[in-house]
>>> print(open('structure-v4.tsv').read())   # TSV, C-alpha atoms
chain	number	residue	atom	x	y	z
A	4	MET	CA	25.58	3.67	-21.66
A	5	SER	CA	26.55	0.32	-20.09
A	6	TRP	CA	26.25	-0.30	-16.36
A	7	ILE	CA	30.08	-0.24	-16.09
A	8	GLU	CA	30.18	3.24	-17.63
A	9	SER	CA	27.30	4.29	-15.39
A	10	LEU	CA	29.16	3.03	-12.31
A	11	ALA	CA	32.35	4.86	-13.35
A	12	GLN	CA	30.37	8.05	-13.83
A	13	HIS	CA	28.77	7.73	-10.40
A	14	LEU	CA	32.12	7.06	-8.70
A	15	THR	CA	34.01	9.96	-10.28
A	16	GLY	CA	31.34	12.65	-10.72
A	17	HIS	CA	29.64	15.09	-8.36
A	18	GLN	CA	26.73	14.33	-6.06
A	19	PRO	CA	24.48	16.18	-3.58
A	20	LEU	CA	26.12	16.34	-0.16
A	21	GLY	CA	23.18	14.98	1.84
A	22	PRO	CA	24.38	11.34	2.05
A	23	LEU	CA	27.95	12.35	2.91
A	24	TRP	CA	26.76	14.83	5.55
A	25	LEU	CA	24.56	12.18	7.16
A	26	PHE	CA	27.40	9.64	7.09
A	27	ARG	CA	29.81	12.14	8.65
A	28	THR	CA	27.38	12.83	11.49
A	29	LEU	CA	26.65	9.15	12.17
A	30	PHE	CA	30.29	8.14	11.92
A	31	GLY	CA	31.27	10.90	14.33
A	32	ALA	CA	28.61	9.62	16.74
A	33	ALA	CA	29.98	6.07	16.37
A	34	CYS	CA	33.50	7.31	17.21
A	35	LEU	CA	32.13	9.23	20.19
A	36	ILE	CA	30.30	6.16	21.54
A	37	LYS	CA	33.45	4.10	21.07
A	38	CYS	CA	35.49	6.62	23.06
A	39	LEU	CA	32.96	6.78	25.90
A	40	VAL	CA	32.65	2.99	26.12
A	41	GLU	CA	36.42	2.57	26.34
A	42	ILE	CA	36.70	5.26	29.01
A	43	GLN	CA	33.90	3.56	30.98
A	44	ARG	CA	35.81	0.28	30.72
A	45	GLY	CA	38.93	1.81	32.23
A	46	PHE	CA	41.08	1.98	29.10
A	47	LEU	CA	42.80	5.11	30.41
A	48	SER	CA	44.40	3.06	33.18
A	49	ALA	CA	44.91	-0.08	31.07
A	50	TYR	CA	48.17	1.14	29.55
A	51	GLN	CA	50.89	1.93	32.05
A	52	PRO	CA	54.15	0.28	33.14
A	53	THR	CA	52.38	-2.02	35.62
A	54	THR	CA	49.97	-3.56	33.06
A	55	TRP	CA	50.30	-6.51	30.71
A	56	LEU	CA	49.29	-4.45	27.66
A	57	TYR	CA	52.19	-2.05	28.22
A	58	PHE	CA	54.63	-4.91	28.79
A	59	ARG	CA	53.41	-7.01	25.84
A	60	LEU	CA	54.19	-4.32	23.28
A	61	ARG	CA	57.74	-4.00	24.55
A	62	VAL	CA	58.22	-7.75	24.33
A	63	MET	CA	56.81	-7.92	20.81
A	64	TYR	CA	58.76	-4.88	19.55
A	65	PRO	CA	62.00	-4.74	21.55
A	66	ASP	CA	63.76	-2.81	18.77
A	67	ARG	CA	61.06	-0.08	18.84
A	68	HIS	CA	61.05	0.48	22.57
A	69	ARG	CA	61.69	4.22	22.33
A	70	LYS	CA	59.04	4.70	19.62
A	71	LEU	CA	56.23	3.07	21.59
A	72	PRO	CA	53.86	5.47	23.38
A	73	GLY	CA	54.18	6.02	27.09
A	74	LYS	CA	51.37	6.35	29.61
A	75	SER	CA	50.97	10.13	29.19
A	76	ALA	CA	50.96	9.92	25.38
A	77	TYR	CA	48.35	7.16	25.52
A	78	ILE	CA	46.00	9.21	27.72
A	79	ALA	CA	46.56	12.31	25.57
A	80	ALA	CA	45.68	10.32	22.44
A	81	HIS	CA	42.40	9.24	24.05
A	82	GLY	CA	41.61	12.86	24.87
A	83	LEU	CA	42.42	13.95	21.31
A	84	ARG	CA	40.21	11.24	19.87
A	85	LEU	CA	37.30	12.17	22.13
A	86	SER	CA	37.60	15.85	21.16
A	87	ALA	CA	37.89	15.01	17.46
A	88	ALA	CA	34.83	12.73	17.64
A	89	VAL	CA	32.75	15.53	19.20
A	90	CYS	CA	33.91	18.03	16.56
A	91	LEU	CA	33.27	15.61	13.69
A	92	THR	CA	29.75	14.85	14.92
A	93	ALA	CA	28.99	18.56	15.25
A	94	GLY	CA	30.65	19.36	11.92
A	95	TYR	CA	33.28	21.76	13.27
A	96	LEU	CA	36.73	21.56	11.67
A	97	PRO	CA	35.66	18.27	10.07
A	98	GLN	CA	38.74	17.66	7.92
A	99	LEU	CA	41.10	18.32	10.83
A	100	SER	CA	38.95	16.19	13.16
A	101	ALA	CA	38.93	13.32	10.66
A	102	ALA	CA	42.72	13.57	10.28
A	103	VAL	CA	43.21	13.47	14.08
A	104	LEU	CA	40.92	10.43	14.34
A	105	ALA	CA	42.82	8.69	11.55
A	106	LEU	CA	46.18	9.31	13.25
A	107	VAL	CA	44.94	8.10	16.63
A	108	PHE	CA	43.35	4.99	15.11
A	109	LEU	CA	46.62	4.35	13.26
A	110	ALA	CA	48.49	4.44	16.56
A	111	GLU	CA	45.82	2.22	18.12
A	112	THR	CA	46.37	-0.49	15.49
A	113	ARG	CA	49.84	-0.93	17.00
A	114	ILE	CA	48.36	-1.62	20.43
A	115	TYR	CA	45.10	-3.55	20.14
A	116	PHE	CA	45.39	-5.27	16.73
A	117	ARG	CA	41.61	-5.24	16.05
A	118	PHE	CA	40.33	-5.21	12.49
A	119	HIS	CA	37.51	-2.87	13.60
A	120	VAL	CA	40.16	-0.23	14.34
A	121	ASN	CA	41.53	-0.55	10.79
A	122	TYR	CA	38.04	0.04	9.40
A	123	PHE	CA	37.57	3.17	11.53
A	124	LEU	CA	41.01	4.34	10.43
A	125	LEU	CA	40.14	4.07	6.73
A	126	LEU	CA	36.73	5.71	7.16
A	127	SER	CA	38.33	8.62	9.03
A	128	ALA	CA	40.94	9.02	6.29
A	129	SER	CA	38.16	9.05	3.67
A	130	LEU	CA	36.49	12.03	5.37
A	131	VAL	CA	39.70	14.06	5.17
A	132	PHE	CA	38.85	14.59	1.49
A	133	ALA	CA	35.22	15.61	2.10
A	134	PRO	CA	34.10	18.97	0.68
A	135	PRO	CA	32.76	21.73	2.99
A	136	MET	CA	29.34	20.90	4.45
A	137	PRO	CA	26.93	22.50	6.96
A	138	THR	CA	27.50	21.96	10.67
A	139	LEU	CA	24.97	20.07	12.75
A	140	ILE	CA	23.63	23.35	14.18
A	141	GLU	CA	23.24	24.86	10.71
A	142	ALA	CA	21.25	21.82	9.59
A	143	ALA	CA	19.19	21.95	12.79
A	144	THR	CA	18.02	25.48	11.96
A	145	HIS	CA	15.89	23.91	9.21
A	146	LEU	CA	14.22	21.40	11.54
A	147	ARG	CA	11.11	23.56	11.85
A	148	GLY	CA	10.33	22.73	8.26
A	149	GLY	CA	10.55	19.03	9.00
A	150	PRO	CA	13.01	16.36	7.78
A	151	ASP	CA	12.19	17.18	4.14
A	152	ALA	CA	13.35	20.77	4.60
A	153	VAL	CA	16.60	19.65	6.22
A	154	TRP	CA	17.29	17.15	3.46
A	155	ALA	CA	16.43	19.68	0.75
A	156	HIS	CA	18.87	22.14	2.34
A	157	LEU	CA	21.63	19.54	2.29
A	158	GLN	CA	20.85	18.51	-1.27
A	159	LEU	CA	21.23	22.07	-2.59
A	160	ALA	CA	25.02	21.82	-2.54
A	161	SER	CA	27.02	19.24	-4.42
A	162	GLY	CA	30.63	18.12	-4.30
A	163	PRO	CA	33.04	15.53	-5.67
A	164	ARG	CA	32.33	11.90	-4.86
A	165	LEU	CA	35.89	11.10	-3.75
A	166	SER	CA	35.06	10.63	-0.06
A	167	LEU	CA	31.92	8.61	-0.82
A	168	THR	CA	33.86	6.44	-3.27
A	169	LEU	CA	36.57	5.71	-0.70
A	170	ILE	CA	33.95	4.83	1.92
A	171	ALA	CA	32.14	2.49	-0.49
A	172	ILE	CA	35.39	0.77	-1.53
A	173	THR	CA	36.49	0.37	2.09
A	174	THR	CA	33.14	-1.13	3.12
A	175	THR	CA	33.13	-3.47	0.11
A	176	ALA	CA	36.61	-4.68	1.06
A	177	LEU	CA	35.46	-5.16	4.67
A	178	TYR	CA	32.47	-7.31	3.72
A	179	THR	CA	34.14	-9.39	1.01
A	180	GLY	CA	37.26	-9.91	3.12
A	181	SER	CA	35.15	-10.98	6.08
A	182	ALA	CA	33.18	-13.42	3.91
A	183	TRP	CA	36.41	-14.89	2.56
A	184	ARG	CA	37.84	-15.42	6.05
A	185	LYS	CA	34.64	-17.16	7.14
A	186	MET	CA	34.73	-19.66	4.29
A	187	SER	CA	36.04	-22.44	6.53
A	188	ARG	CA	34.52	-25.56	8.01
A	189	VAL	CA	34.88	-24.40	11.62
A	190	PHE	CA	32.86	-21.27	10.91
A	191	LEU	CA	30.27	-22.70	8.53
A	192	ASP	CA	29.38	-25.56	10.90
A	193	GLY	CA	28.95	-23.11	13.79
A	194	THR	CA	31.99	-24.17	15.83
A	195	VAL	CA	33.47	-20.66	16.07
A	196	VAL	CA	30.28	-18.89	17.18
A	197	TRP	CA	29.14	-21.79	19.40
A	198	SER	CA	32.50	-21.84	21.21
A	199	GLN	CA	32.51	-18.08	21.67
A	200	LEU	CA	28.96	-18.01	23.03
A	201	SER	CA	29.66	-20.92	25.40
A	202	TYR	CA	32.89	-19.41	26.73
A	203	THR	CA	31.52	-15.86	27.08
A	204	HIS	CA	28.39	-17.06	28.88
A	205	ALA	CA	30.46	-19.21	31.25
A	206	GLN	CA	32.75	-16.27	32.04
A	207	GLN	CA	29.92	-13.83	32.72
A	208	PRO	CA	30.12	-13.98	36.55
A	209	PHE	CA	33.91	-13.41	36.49
A	210	ARG	CA	34.16	-10.54	34.01
A	211	HIS	CA	34.43	-7.02	35.35
A	212	HIS	CA	33.12	-5.54	32.09
A	213	PHE	CA	30.79	-8.20	30.73
A	214	ASP	CA	29.44	-7.23	27.33
A	215	GLY	CA	26.66	-9.46	26.11
A	216	TRP	CA	22.97	-10.10	26.04
A	217	TYR	CA	21.95	-13.74	26.38
A	218	PRO	CA	18.62	-15.41	27.14
A	219	ARG	CA	18.40	-17.63	30.21
A	220	ARG	CA	17.82	-20.67	28.03
A	221	LEU	CA	21.13	-20.19	26.20
A	222	PRO	CA	23.04	-23.05	27.94
A	223	ALA	CA	20.25	-25.54	27.22
A	224	LEU	CA	19.95	-24.24	23.66
A	225	LEU	CA	23.68	-24.55	23.04
A	226	ASP	CA	23.60	-28.08	24.42
A	227	GLN	CA	20.77	-29.05	22.05
A	228	VAL	CA	22.03	-27.23	18.95
A	229	ARG	CA	25.70	-28.17	18.77
A	230	PRO	CA	28.15	-27.43	15.94
A	231	GLY	CA	27.21	-29.19	12.73
A	232	HIS	CA	23.48	-28.85	13.37
A	233	PRO	CA	21.54	-27.76	10.25
A	234	ALA	CA	20.45	-24.57	12.04
A	235	TRP	CA	24.10	-23.54	12.40
A	236	ARG	CA	24.97	-24.43	8.82
A	237	ILE	CA	22.02	-22.49	7.41
A	238	THR	CA	22.60	-19.41	9.61
A	239	MET	CA	26.34	-19.22	9.05
A	240	GLY	CA	25.93	-19.86	5.33
A	241	LEU	CA	23.44	-17.01	5.06
A	242	VAL	CA	25.79	-14.66	6.95
A	243	VAL	CA	28.66	-15.44	4.57
A	244	LEU	CA	26.41	-15.13	1.52
A	245	LEU	CA	25.02	-11.79	2.70
A	246	GLU	CA	28.45	-10.33	3.48
A	247	ALA	CA	29.78	-11.43	0.08
A	248	THR	CA	26.89	-9.98	-1.92
A	249	LEU	CA	25.58	-7.03	0.12
A	250	PRO	CA	27.98	-4.38	-1.29
A	251	PHE	CA	26.85	-5.24	-4.81
A	252	LEU	CA	23.17	-5.45	-3.90
A	253	LEU	CA	23.45	-1.88	-2.59
A	254	LEU	CA	24.28	-0.64	-6.10
A	255	TRP	CA	20.99	-1.50	-7.78
A	256	PRO	CA	17.79	0.41	-7.03
A	257	GLN	CA	15.82	-2.84	-7.33
A	258	THR	CA	17.81	-4.64	-4.62
A	259	ARG	CA	18.97	-1.72	-2.46
A	260	PRO	CA	15.98	-1.64	-0.02
A	261	ALA	CA	16.33	-5.37	0.65
A	262	ALA	CA	20.10	-5.04	1.07
A	263	ILE	CA	19.73	-2.21	3.60
A	264	THR	CA	17.09	-4.14	5.54
A	265	LEU	CA	19.16	-7.33	5.65
A	266	GLY	CA	22.31	-5.42	6.57
A	267	LEU	CA	20.57	-3.65	9.44
A	268	ALA	CA	19.14	-6.96	10.66
A	269	MET	CA	22.55	-8.65	10.52
A	270	HIS	CA	24.30	-5.89	12.46
A	271	THR	CA	21.45	-5.74	14.97
A	272	GLY	CA	22.09	-9.42	15.63
A	273	PHE	CA	25.80	-8.74	16.08
A	274	VAL	CA	25.06	-5.88	18.49
A	275	LEU	CA	22.74	-8.06	20.59
A	276	LEU	CA	25.59	-10.53	21.10
A	277	SER	CA	28.06	-7.82	22.15
A	278	PRO	CA	26.22	-4.50	22.59
A	279	LEU	CA	28.88	-2.07	23.76
A	280	THR	CA	31.72	-3.49	21.68
A	281	LEU	CA	29.86	-3.76	18.38
A	282	LEU	CA	27.41	-0.84	18.55
A	283	PRO	CA	29.91	1.75	17.21
A	284	PHE	CA	31.02	-0.66	14.48
A	285	GLY	CA	27.41	-1.39	13.52
A	286	ILE	CA	26.53	2.31	13.30
A	287	ALA	CA	29.61	3.11	11.18
A	288	THR	CA	29.10	0.17	8.83
A	289	THR	CA	25.39	0.65	8.18
A	290	ALA	CA	25.92	4.41	7.81
A	291	ALA	CA	28.40	3.59	5.05
A	292	TYR	CA	25.50	2.24	2.96
A	293	LEU	CA	24.77	5.91	2.18
A	294	ALA	CA	28.05	6.09	0.27
A	295	PHE	CA	27.12	3.49	-2.32
A	296	PRO	CA	26.02	4.92	-5.66
A	297	VAL	CA	22.65	3.85	-7.02
A	298	ILE	CA	22.97	2.78	-10.64
A	299	GLY	CA	20.60	1.28	-13.15
A	300	LEU	CA	21.15	-1.97	-14.97
A	301	ALA	CA	21.46	0.05	-18.15
A	302	GLY	CA	22.06	3.67	-19.00
>>> encode(input="structure-v4.tsv", output="structure tokens")
Amino acid sequence: MSWIESLAQHLTGHQPLGPLWLFRTLFGAACLIKCLVEIQRGFLSAYQPTTWLYFRLRVMYPDRHRKLPGKSAYIAAHGLRLSAAVCLTAGYLPQLSAAVLALVFLAETRIYFRFHVNYFLLLSASLVFAPPMPTLIEAATHLRGGPDAVWAHLQLASGPRLSLTLIAITTTALYTGSAWRKMSRVFLDGTVVWSQLSYTHAQQPFRHHFDGWYPRRLPALLDQVRPGHPAWRITMGLVVLLEATLPFLLLWPQTRPAAITLGLAMHTGFVLLSPLTLLPFGIATTAAYLAFPVIGLAG
């Protein structure tokens, strides 16, 4: 059997539900953290007739004025998403919860235009097709036997790989698309990241919800290591290379441990630069590594 046939078999066959159950739990937690962060930042009051966000949508889509959500619908959508995130994490009504999350994220793409929201939308839609799995409480009843007992309990059942396949394809598209967008001089020489770090650090005293972790020596470091410096070129080149190859490195048992380690390190670095904003995204993305099939180089 060739590796292409092996990959096709892995993508279309059945598999133990442990990886999908763990992804569902972690993704639900990521959605829950995202909801709580946005509530803490005052998102519930950010969309009403007196705000720029509310006005901007009506300027951009004047022909869809009646179809755009009002203040009450916006707040209700946040409440629905929070409830669905809790249910998905706990494993109660998971398909319905995933569908609600997908619909709310779909509506959110019309308001905030963030590619992270599109990723969460596709992951939520993937879980709509997940087979029945134990709830978090049911899995917790096996904790007395240790992690091995819990995992063995989850591995007893198997189901179609459709959800896992959709998650793997979505994550592959995310990484390869991101690498392609970063293949430009202004990113590879460090201009984009350098400018963002400089601006964000300068705005720190004026931001009501500052989201960043920066060492005190950052201004001096940015002054010494300016765009075009070899350190920037090497770092940015490695980021692009890792994003372009990581989904494929996750497929092989020989390279999978290194791929997981490098992916976790990369997203940890992203989270340190913007903890609250990127923590949910980092959890969801690294949890998606569980969806990738492990195939041999030959059958």
>>> residues_around(input="structure-v4.tsv", residues="segment 51-67 of chain A", least_positions_apart="2", cutoff="10 Å", atoms="all atoms listed in the file", output="list in words")
Leu47, Ser48, Ala49, Arg69, Lys70, Leu71, Pro72, Gly73, Lys74, Ser75, Tyr77, Ile78, Arg113, Ile114 and Tyr115 of chain A
>>> residues_near_point(input="structure-v4.tsv", point="(26.2, -20.0, 21.2)", cutoff="9 Å", atoms="all atoms listed in the file", output="PDB file with C-alpha atoms, in the coordinates of the input")
ATOM      1  CA  GLY A 193      28.950 -23.110  13.790  1.00  0.00           C
ATOM      2  CA  THR A 194      31.990 -24.170  15.830  1.00  0.00           C
ATOM      3  CA  VAL A 195      33.470 -20.660  16.070  1.00  0.00           C
ATOM      4  CA  VAL A 196      30.280 -18.890  17.180  1.00  0.00           C
ATOM      5  CA  TRP A 197      29.140 -21.790  19.400  1.00  0.00           C
ATOM      6  CA  SER A 198      32.500 -21.840  21.210  1.00  0.00           C
ATOM      7  CA  GLN A 199      32.510 -18.080  21.670  1.00  0.00           C
ATOM      8  CA  LEU A 200      28.960 -18.010  23.030  1.00  0.00           C
ATOM      9  CA  SER A 201      29.660 -20.920  25.400  1.00  0.00           C
ATOM     10  CA  TYR A 202      32.890 -19.410  26.730  1.00  0.00           C
ATOM     11  CA  THR A 203      31.520 -15.860  27.080  1.00  0.00           C
ATOM     12  CA  HIS A 204      28.390 -17.060  28.880  1.00  0.00           C
ATOM     13  CA  LEU A 221      21.130 -20.190  26.200  1.00  0.00           C
ATOM     14  CA  PRO A 222      23.040 -23.050  27.940  1.00  0.00           C
ATOM     15  CA  LEU A 224      19.950 -24.240  23.660  1.00  0.00           C
ATOM     16  CA  LEU A 225      23.680 -24.550  23.040  1.00  0.00           C
ATOM     17  CA  VAL A 228      22.030 -27.230  18.950  1.00  0.00           C
ATOM     18  CA  ARG A 229      25.700 -28.170  18.770  1.00  0.00           C
TER      19      ARG A 229
END
>>> atom_distance(input="structure-v4.tsv", atom1="atom CA of Ile140 of chain A", atom2="atom CA of Ala93 of chain A")
7.3 Å
>>> closest_atom_pairs(input="structure-v4.tsv", of="segment 20-82 of chain A", to="segment 125-131 of chain A", cutoff="10 Å", atoms="all atoms listed in the file", output="Markdown table")
| residue | atom | partner | partner_atom | distance |
| --- | --- | --- | --- | --- |
| A:Leu23 | CA | A:Leu130 | CA | 8.9 |
| A:Phe26 | CA | A:Leu130 | CA | 9.6 |
| A:Arg27 | CA | A:Leu130 | CA | 7.4 |
| A:Phe30 | CA | A:Leu126 | CA | 8.4 |
| A:Gly31 | CA | A:Ser127 | CA | 9.1 |
| A:Cys34 | CA | A:Ser127 | CA | 9.6 |
>>> atom_distance(input="structure-v4.tsv", atom1="atom CA of Arg259 of chain A", atom2="atom CA of Leu29 of chain A")
19.8 Å
>>> atom_distance(input="structure-v4.tsv", atom1="atom CA of Leu244 of chain A", atom2="atom CA of Leu165 of chain A")
28.4 Å
>>> closest_residue(input="structure-v4.tsv", among="A:Leu99, A:Ile263, A:Ala223, A:Leu279", to="Cys38 of chain A", atoms="only C-alpha atoms")
A:Leu279
>>> residues_around(input="structure-v4.tsv", residues="Ala33 of chain A", least_positions_apart="3", cutoff="7 Å", atoms="all atoms listed in the file", output="PyMOL selection string")
chain A and resi 29-30+36-37+283+286-287
>>> closest_residue(input="structure-v4.tsv", among="A:Thr168, A:Thr173, A:Ser187, A:Thr264", to="Phe295 of chain A", atoms="all atoms listed in the file")
A:Thr168
>>> closest_residue(input="structure-v4.tsv", among="A:Pro137, A:Phe108, A:Leu245, A:Ala143", to="Phe123 of chain A", atoms="all atoms listed in the file")
A:Phe108
>>> residues_around(input="structure-v4.tsv", residues="Phe118 of chain A", least_positions_apart="6", cutoff="12 Å", atoms="only C-alpha atoms", output="list of chain:residue names")
A:Phe108, A:Leu109, A:Glu111, A:Thr112, A:Leu124, A:Leu125, A:Leu177, A:Tyr178, A:Gly180, A:Ser181, A:Phe284
>>> axis_aligned_box(input="structure-v4.tsv", around="segment 227-232 of chain A", padding_each_side="4 Å", output="lines of an AutoDock Vina configuration file")
center_x = 24.5
center_y = -28.2
center_z = 17.4
size_x = 15.4
size_y = 10.0
size_z = 17.3
>>> residues_around(input="structure-v4.tsv", residues="Leu281 of chain A", least_positions_apart="6", cutoff="12 Å", atoms="all atoms listed in the file", output="PyMOL selection string")
chain A and resi 33-34+36-37+40+119-120+214-215+269-275+287-289
